[in-house]
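Student: Below is the structure I would like to discuss, written out as structure tokens.
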There are 4 protein chains.
Amino acid sequence: MSWVESSIMARRGVAAGRAGRRHEITEAAQGTYHYVYGPFASPVLTVEPGDVISCETHDAFEGRILHETDRPSEILNFPFLNPQNGPIYVNGAERGDCLAVHIHSIRPRGPQPVGTTCVIPEFGGLVGTGATALLNSPLPERVKKLEVTVEGGVKWSDTITLPYQPFIGTIGTSPQIEAISSLVPDYYGGNMDLPDVAPGSVIYLPVNVPGALLFLGDCHATQGDGELCGVALEHPTHTVVQVDLIKGWTLAWPRLETADFFMTIGSGRPMEDAARIAYRELVRWMAAEFGFDELDAYMLLTQCGRVRLGNMVDPKYTLGASILKSIVGEARV
Amino acid sequence: MSWVESSIMARRGVAAGRAGRRHEITEAAQGTYHYVYGPFASPVLTVEPGDVISCETHDAFEGRILHETDRPSEILNFPFLNPQNGPIYVNGAERGDCLAVHIHSIRPRGPQPVGTTCVIPEFGGLVGTGATALLNSPLPERVKKLEVTVEGGVKWSDTITLPYQPFIGTIGTSPQIEAISSLVPDYYGGNMDLPDVAPGSVIYLPVNVPGALLFLGDCHATQGDGELCGVALEHPTHTVVQVDLIKGWTLAWPRLETADFFMTIGSGRPMEDAARIAYRELVRWMAAEFGFDELDAYMLLTQCGRVRLGNMVDPKYTLGASILKSIVGEARV
Amino acid sequence: MSWVESSIMARRGVAAGRAGRRHEITEAAQGTYHYVYGPFASPVLTVEPGDVISCETHDAFEGRILHETDRPSEILNFPFLNPQNGPIYVNGAERGDCLAVHIHSIRPRGPQPVGTTCVIPEFGGLVGTGATALLNSPLPERVKKLEVTVEGGVKWSDTITLPYQPFIGTIGTSPQIEAISSLVPDYYGGNMDLPDVAPGSVIYLPVNVPGALLFLGDCHATQGDGELCGVALEHPTHTVVQVDLIKGWTLAWPRLETADFFMTIGSGRPMEDAARIAYRELVRWMAAEFGFDELDAYMLLTQCGRVRLGNMVDPKYTLGASILKSIVGEARV
Amino acid sequence: MSWVESSIMARRGVAAGRAGRRHEITEAAQGTYHYVYGPFASPVLTVEPGDVISCETHDAFEGRILHETDRPSEILNFPFLNPQNGPIYVNGAERGDCLAVHIHSIRPRGPQPVGTTCVIPEFGGLVGTGATALLNSPLPERVKKLEVTVEGGVKWSDTITLPYQPFIGTIGTSPQIEAISSLVPDYYGGNMDLPDVAPGSVIYLPVNVPGALLFLGDCHATQGDGELCGVALEHPTHTVVQVDLIKGWTLAWPRLETADFFMTIGSGRPMEDAARIAYRELVRWMAAEFGFDELDAYMLLTQCGRVRLGNMVDPKYTLGASILKSIVGEARV
């Protein structure tokens, strides 16, 4: 029996975590990909809680960077970056509910070399950027195209091969009245670039509008903590997710569950504000559903909380704070 | 002769800074006020460069806080805050142009006490907030209603009267593809809360979409640097602005001109990033149009640049960096 | 009658603000200048409250940058920078007291060109630094030597002359048990680089050790807000100050008084933390000594507080928050 | 054969990683513990490279918090906190060298309950503090005293026991001319509160003064990422370390080696600056000693770098950035 059967999704979901109908969003079905998370786009698909959706995701550059001699600064057309599948309308979802998304699988899609990373001028964690505006000259551009397979991993060089550890870089629901660039992570999810959003996990997202309007894309074949230069191992994929709906579970920020831990996810600048959000949400969660008082939870997390840095390159930085299920047990609600 | 006749607006504007037709956006004409800056709303008015528009602005609370016994946390309905007039479509404006807005006047509107300030839980510069998420208990709520007149100023208490120094708290153009809360300041303007955006000055805004789509609102009767508790002296107004259009002047961030100085405006978090943006824009401007090399400009601003803190409470902080015209002279373009 | 006669220094000082004996700390008398603020150095002078001290200060480079062809990176020997006069032992000063320093005058000292500014690699507000560590190449070095006189001001170029507006860049008392680089500003003062610390003003500093141990140096002929490239108009000076002692007035951070306003000074990173410190200190001061309750003070400062950015380049950033005497009146203690 | 025999310490150390004489610093031998890292204290011990030192460390409160009813705000006497053993003078160490410290073991010391954690007013990661100065009321104080044993772990409550995972919270060398509070982490080490500084690892520290002057203390029985409330599981210990000396290996910031990875450690505010320091040091290290060019290293770390958050509560935040030895191999120097 998978741990998922005792997950919050299974215990509270409208579909009780059981898989329903299967849908496909091919490139053709998607048609226009989206560059904002918002309520102004028409749903590309309507599903029931429990339904399973297979998406043909593009890479963050919509496949435009083809050769190592390409110059991203000439090819990329800001803000038309990070194309998203969706929105998917989930029947019954209302503001104040929670959308659970169980990630089934991610597989590379298309001809090799399917993976891309690059250094883009004035973007990244160790350079001056549009947000951290400096007078230094930018780094030179560089593109790397890499073969990526499930079994063979990411072939970085003759001597270095990294395991294939894919995850969804950008996933979330629509904000209530805003339409925000898919480059941004925030309370509704978005471009969190957090490696824990991986096959096997369940991510919980706040619902802000009727139908939730789920978007996703930007899958990474692997990524280090912080996504240092700003461009992970980008690749187009077949990504399969199962959605469920938890009525009346109102989240302020995304949460995540795996076999081993519960995580809360915060995004903000400066980075300590992202960490504060993640940890405060975890304290509050432990107080609301795990039987702690807030001060207890605060003191216990001081001894055993874990932090994962998602990105230190996007308009907001993202961190996840987590605690082991072996310590807190299951949620009591 | 007013300095405005030699302003950048007058020298480069399509209307050469000359006032054209006069329009009015009354509450009735506005109908629904807006809570996002974006391209999805229909223009409430279309104007030519040079046209003058008188707007009936609401206060940031849309007039809902009426008594000192009111509780903002019960009355306010986030994110439906900071209602904006507009959008105003300016004929001929295209992405890459600059919209010049000369602020003619601001006058209080409506029955006394017309001014409102308050302490709102988990909002403000000296408290834990949603962005700087802490476990401390929030401050108590408090509302102050104040009489505000042009001549009599702001009657704070029996002993303290502040001069009426009104400005536009929120003004900007539409982003290209996003629709962003009117609570946010960014590259297109928005909720900058910068007291220099006052009658007599000209603000220059980047045009991102056809027609520019000008929004404005949130006028303050006075405000300290930083808008410390998050709520300035909010009041509904008659605000009169003249728009002009500078073709092909492509700004990355808003700029401002007064009789005495040129200013660039940056918004970001942490606060040093807002300062960096503002100062880098000013360095670049001095290099592009005032005959300095970048290093010269950088070194000279070290000796005589001035910084004004707009807000330290909004989703991004805003600062203006300026240099005296008596030092740099007029722009040479 | 000067406003100083009704200053806090005059009203509460042991010497009642009256000038006492005059002392001189020439270069020879100083001997070794100091590069840390701490309790481990022997006093170069012992004075009584009220005494007036004339110091021969060095510039921040101890006079080693002589020509525009000099390369700071070769000449400067970190951490032996920013040499300080002192420490001056003030009789009667004990931990918990306040040292008041009334700045009488600052005059350039030595042969022309007496002023120096420069761009130093990996230092400054618009570049990657040791603290904001990036991979970008540093800017080229550049040195400017300038003639500076009291009457003629700062001759920047053939067309630009800046007024002589000198102030003390670095001034403070010894920490209790630490010895901190003179490049750092903190609760005891230090390298605040705040232009309001100018002749005519009184700065109030916390006393942390017996005798207070006053250090000072790093006088600037003029400086813009933020000291953008990190090097203001540095120059050696004759600087004259009068000290006084306020028993039992325990400050957490430096304060400043001028004819027109009261200011609190905070230093920290990120910049908003410096602003928070300055404003919280001002709120608390208004509550403790001006008859406001904290919430009142917080709301009033929202309407009329003023912020001055000192530096955005030192290990901590410095801001001053102030309120006009015309609004709050005199302190009631 | 232990990995240590092929460590950098073993390959480059003066003692080639071999253990030499054994010394003991008992409480009595230590006498006065130290509250600053600096060159002004006399060595308590002089050793040769290779020597092994067993220290009786105090907990961060010097054992003064004895009961759960104690009030830290009354007992603790800032800045006399975080007492340190040392300084230990290492013969032959000169500025520009590297001090290697191999941590052999940490064991609890003294009568049970030997462990202490607490909530201290205006200190911690989710509250307003002296540095992030706010008007909110502080949290209530709370003390927890816990039984801690090597085998039994940390008995948190009837249902929760945490494993004993001890590490050295504060360790470092003397700065060159400063004496800095032992509460601060910086380029010389200090209060990093990074759980990887654990038995089995080797930490590499820059030498700034003759003899290096090693300080250490503040051992934690366990700690979560970020040390959220500011007080980990503090306990007095017997801590055993072996020192070695690497001549001419000049580090800008501490580094760490374990069986599995190489880590660089950065401390700063805001948190992204600590991350930038750690990652830039790692990029530079990979370029200097592992055969990468800087851009390669930057791009590879984007895919596989790991970040550990040490503390988000101290005057500077600390993060470690690491890369697996299985990816980069051994250093080639």
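Identifiers in the structure tokens: chain A, B, ... in order shown; residue index from 1 per chain; ligand index from 1 in order shown.
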Considering only C-alpha atoms, extract the chain B residues located within 12 Å of chain D and return them as a count of residues only.
Tutor: 27
Student: So which residues touch Leu146 (chain A) within 7 Å, counting only C-alpha atoms, skipping near sequence neighbours fewer than 5 positions away, as a list in words?
Tutor: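 The residues that qualify are Pro113, Val114, Gly115, Thr116, Val154, Lys155 and Trp156 of chain A.
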Student: Could you jot down the CA of Asp196 (chain C) to CA of Arg284 (chain B) separation for me, Å, one decimal place?
Tutor: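 Separation of CA of Asp196 (chain C) and CA of Arg284 (chain B): 28.0 Å.
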Student: May I ask for the distance between CA of Arg142 (chain A) and CA of Ile277 (chain D), given in Å to one decimal place?
Tutor: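 These atoms are spaced 22.6 Å apart.
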Student: Quick one: everything within 9 Å of region 105-111 of chain D, counting only C-alpha atoms, minus sequence neighbours fewer than 3 positions away in the same chain. Send it as a list in words.
Tutor: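 Contacts, in chain order: Glu56, Thr57, His58, Val114, Gly115, Val148, Thr149, Val150, Pro166, Phe167, Ile168, Ala198, Pro199, Gly200, Cys219, Ala221, His235, Pro236, Thr237, His238, Thr239, Val240 and Val241 of chain D.
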Student: Could you pull the residues within 8 Å of region 64-79 of chain C, counting only C-alpha atoms, minus those fewer than 4 positions along the same chain, as a PyMOL selection string?
Tutor: (chain C and resi 35+116+118+120-121+141-145+181) or (chain D and resi 177)
Student: Take the residues from that selection and put them in a file with N, CA, C and O atoms, as an mmCIF file, in the first residue's frame.
Tutor:
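The resulting file, result_28.cif, is shown below:
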data_model
loop_
_atom_site.group_PDB
_atom_site.id
_atom_site.type_symbol
_atom_site.label_atom_id
_atom_site.label_comp_id
_atom_site.auth_asym_id
_atom_site.auth_seq_id
_atom_site.Cartn_x
_atom_site.Cartn_y
_atom_site.Cartn_z
ATOM 1 N N TYR C 35 41.892 51.753 13.961
ATOM 2 C CA TYR C 35 41.072 51.136 12.920
ATOM 3 C C TYR C 35 39.950 50.298 13.507
ATOM 4 O O TYR C 35 39.226 49.626 12.780
ATOM 5 N N THR C 116 39.607 63.741 -2.128
ATOM 6 C CA THR C 116 39.804 62.499 -2.878
ATOM 7 C C THR C 116 38.496 61.731 -2.953
ATOM 8 O O THR C 116 37.802 61.578 -1.950
ATOM 9 N N CYS C 118 37.119 57.998 -5.209
ATOM 10 C CA CYS C 118 37.605 56.977 -6.136
ATOM 11 C C CYS C 118 36.609 55.834 -6.235
ATOM 12 O O CYS C 118 35.709 55.702 -5.411
ATOM 13 N N ILE C 120 36.667 51.894 -6.085
ATOM 14 C CA ILE C 120 37.505 50.802 -5.594
ATOM 15 C C ILE C 120 36.861 49.481 -6.022
ATOM 16 O O ILE C 120 35.657 49.313 -5.867
ATOM 17 N N PRO C 121 37.632 48.551 -6.554
ATOM 18 C CA PRO C 121 37.034 47.292 -7.024
ATOM 19 C C PRO C 121 36.259 46.559 -5.924
ATOM 20 O O PRO C 121 36.723 46.479 -4.789
ATOM 21 N N GLU C 141 39.112 50.777 -11.812
ATOM 22 C CA GLU C 141 39.411 51.747 -10.746
ATOM 23 C C GLU C 141 39.479 53.151 -11.334
ATOM 24 O O GLU C 141 39.825 53.337 -12.494
ATOM 25 N N ARG C 142 39.142 54.124 -10.532
ATOM 26 C CA ARG C 142 39.335 55.513 -10.958
ATOM 27 C C ARG C 142 39.501 56.396 -9.728
ATOM 28 O O ARG C 142 38.802 56.208 -8.735
ATOM 29 N N VAL C 143 40.430 57.306 -9.807
ATOM 30 C CA VAL C 143 40.688 58.229 -8.705
ATOM 31 C C VAL C 143 40.435 59.654 -9.187
ATOM 32 O O VAL C 143 40.803 60.019 -10.314
ATOM 33 N N LYS C 144 39.820 60.441 -8.360
ATOM 34 C CA LYS C 144 39.655 61.873 -8.623
ATOM 35 C C LYS C 144 40.210 62.645 -7.428
ATOM 36 O O LYS C 144 39.865 62.367 -6.289
ATOM 37 N N LYS C 145 41.097 63.576 -7.717
ATOM 38 C CA LYS C 145 41.621 64.464 -6.680
ATOM 39 C C LYS C 145 41.023 65.848 -6.928
ATOM 40 O O LYS C 145 41.040 66.353 -8.055
ATOM 41 N N SER C 181 35.661 47.128 13.540
ATOM 42 C CA SER C 181 36.296 47.919 12.487
ATOM 43 C C SER C 181 35.653 49.293 12.361
ATOM 44 O O SER C 181 34.430 49.440 12.414
ATOM 45 N N ILE D 177 42.260 42.311 13.478
ATOM 46 C CA ILE D 177 42.371 43.452 14.407
ATOM 47 C C ILE D 177 41.088 43.676 15.203
ATOM 48 O O ILE D 177 41.059 44.495 16.099
#
Student: Pull the strand (DSSP E) assignments for region 101-153 of chain B out of DSSP run on the backbone, and list those residues as JSON, numbers by chain.
Tutor: {"B": [101, 102, 103, 104, 105, 106, 107, 108, 115, 116, 117, 118, 119, 142, 143, 144, 145, 146, 148, 149, 153]}
Student: Please, could you write that set of residues out with C-alpha atoms as a PDB file, in the first residue's frame?
Tutor:
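result.pdb written:
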ATOM      1  CA  VAL B 101       1.759  63.082 -16.856  1.00  0.00           C
ATOM      2  CA  HIS B 102       1.848  66.632 -15.584  1.00  0.00           C
ATOM      3  CA  ILE B 103      -0.010  66.869 -12.307  1.00  0.00           C
ATOM      4  CA  HIS B 104      -2.013  70.099 -12.240  1.00  0.00           C
ATOM      5  CA  SER B 105      -3.826  69.961  -8.953  1.00  0.00           C
ATOM      6  CA  ILE B 106      -5.278  67.862  -6.162  1.00  0.00           C
ATOM      7  CA  ARG B 107      -8.162  69.012  -3.971  1.00  0.00           C
ATOM      8  CA  PRO B 108     -10.058  67.208  -1.206  1.00  0.00           C
ATOM      9  CA  GLY B 115      -9.135  62.338   5.784  1.00  0.00           C
ATOM     10  CA  THR B 116      -8.546  58.849   7.120  1.00  0.00           C
ATOM     11  CA  THR B 117      -5.582  57.024   8.550  1.00  0.00           C
ATOM     12  CA  CYS B 118      -5.534  53.830  10.542  1.00  0.00           C
ATOM     13  CA  VAL B 119      -3.498  50.971  11.903  1.00  0.00           C
ATOM     14  CA  ARG B 142      -7.025  52.233  15.403  1.00  0.00           C
ATOM     15  CA  VAL B 143      -8.786  54.661  13.080  1.00  0.00           C
ATOM     16  CA  LYS B 144      -8.318  58.400  12.893  1.00  0.00           C
ATOM     17  CA  LYS B 145     -10.679  60.617  10.890  1.00  0.00           C
ATOM     18  CA  LEU B 146      -9.353  64.094  10.178  1.00  0.00           C
ATOM     19  CA  VAL B 148      -8.480  68.213   5.668  1.00  0.00           C
ATOM     20  CA  THR B 149      -8.669  71.425   3.680  1.00  0.00           C
ATOM     21  CA  GLY B 153      -4.188  71.648   6.221  1.00  0.00           C
TER      22      GLY B 153
END
Student: Would you kindly return, as a count of residues only, each protein, DNA or RNA residue with an atom no farther than 8 Å from any atom of Tyr279 (chain D), considering only C-alpha atoms and excluding same-chain residues fewer than 3 positions away?
Tutor: 7
Student: Within 7 Å of region 41-53 of chain D, counting only C-alpha atoms, which residues qualify if same-chain residues fewer than 6 places away don't, as a PyMOL selection string?
Tutor: chain D and resi 14-15+17-24+30+86-91+240-245
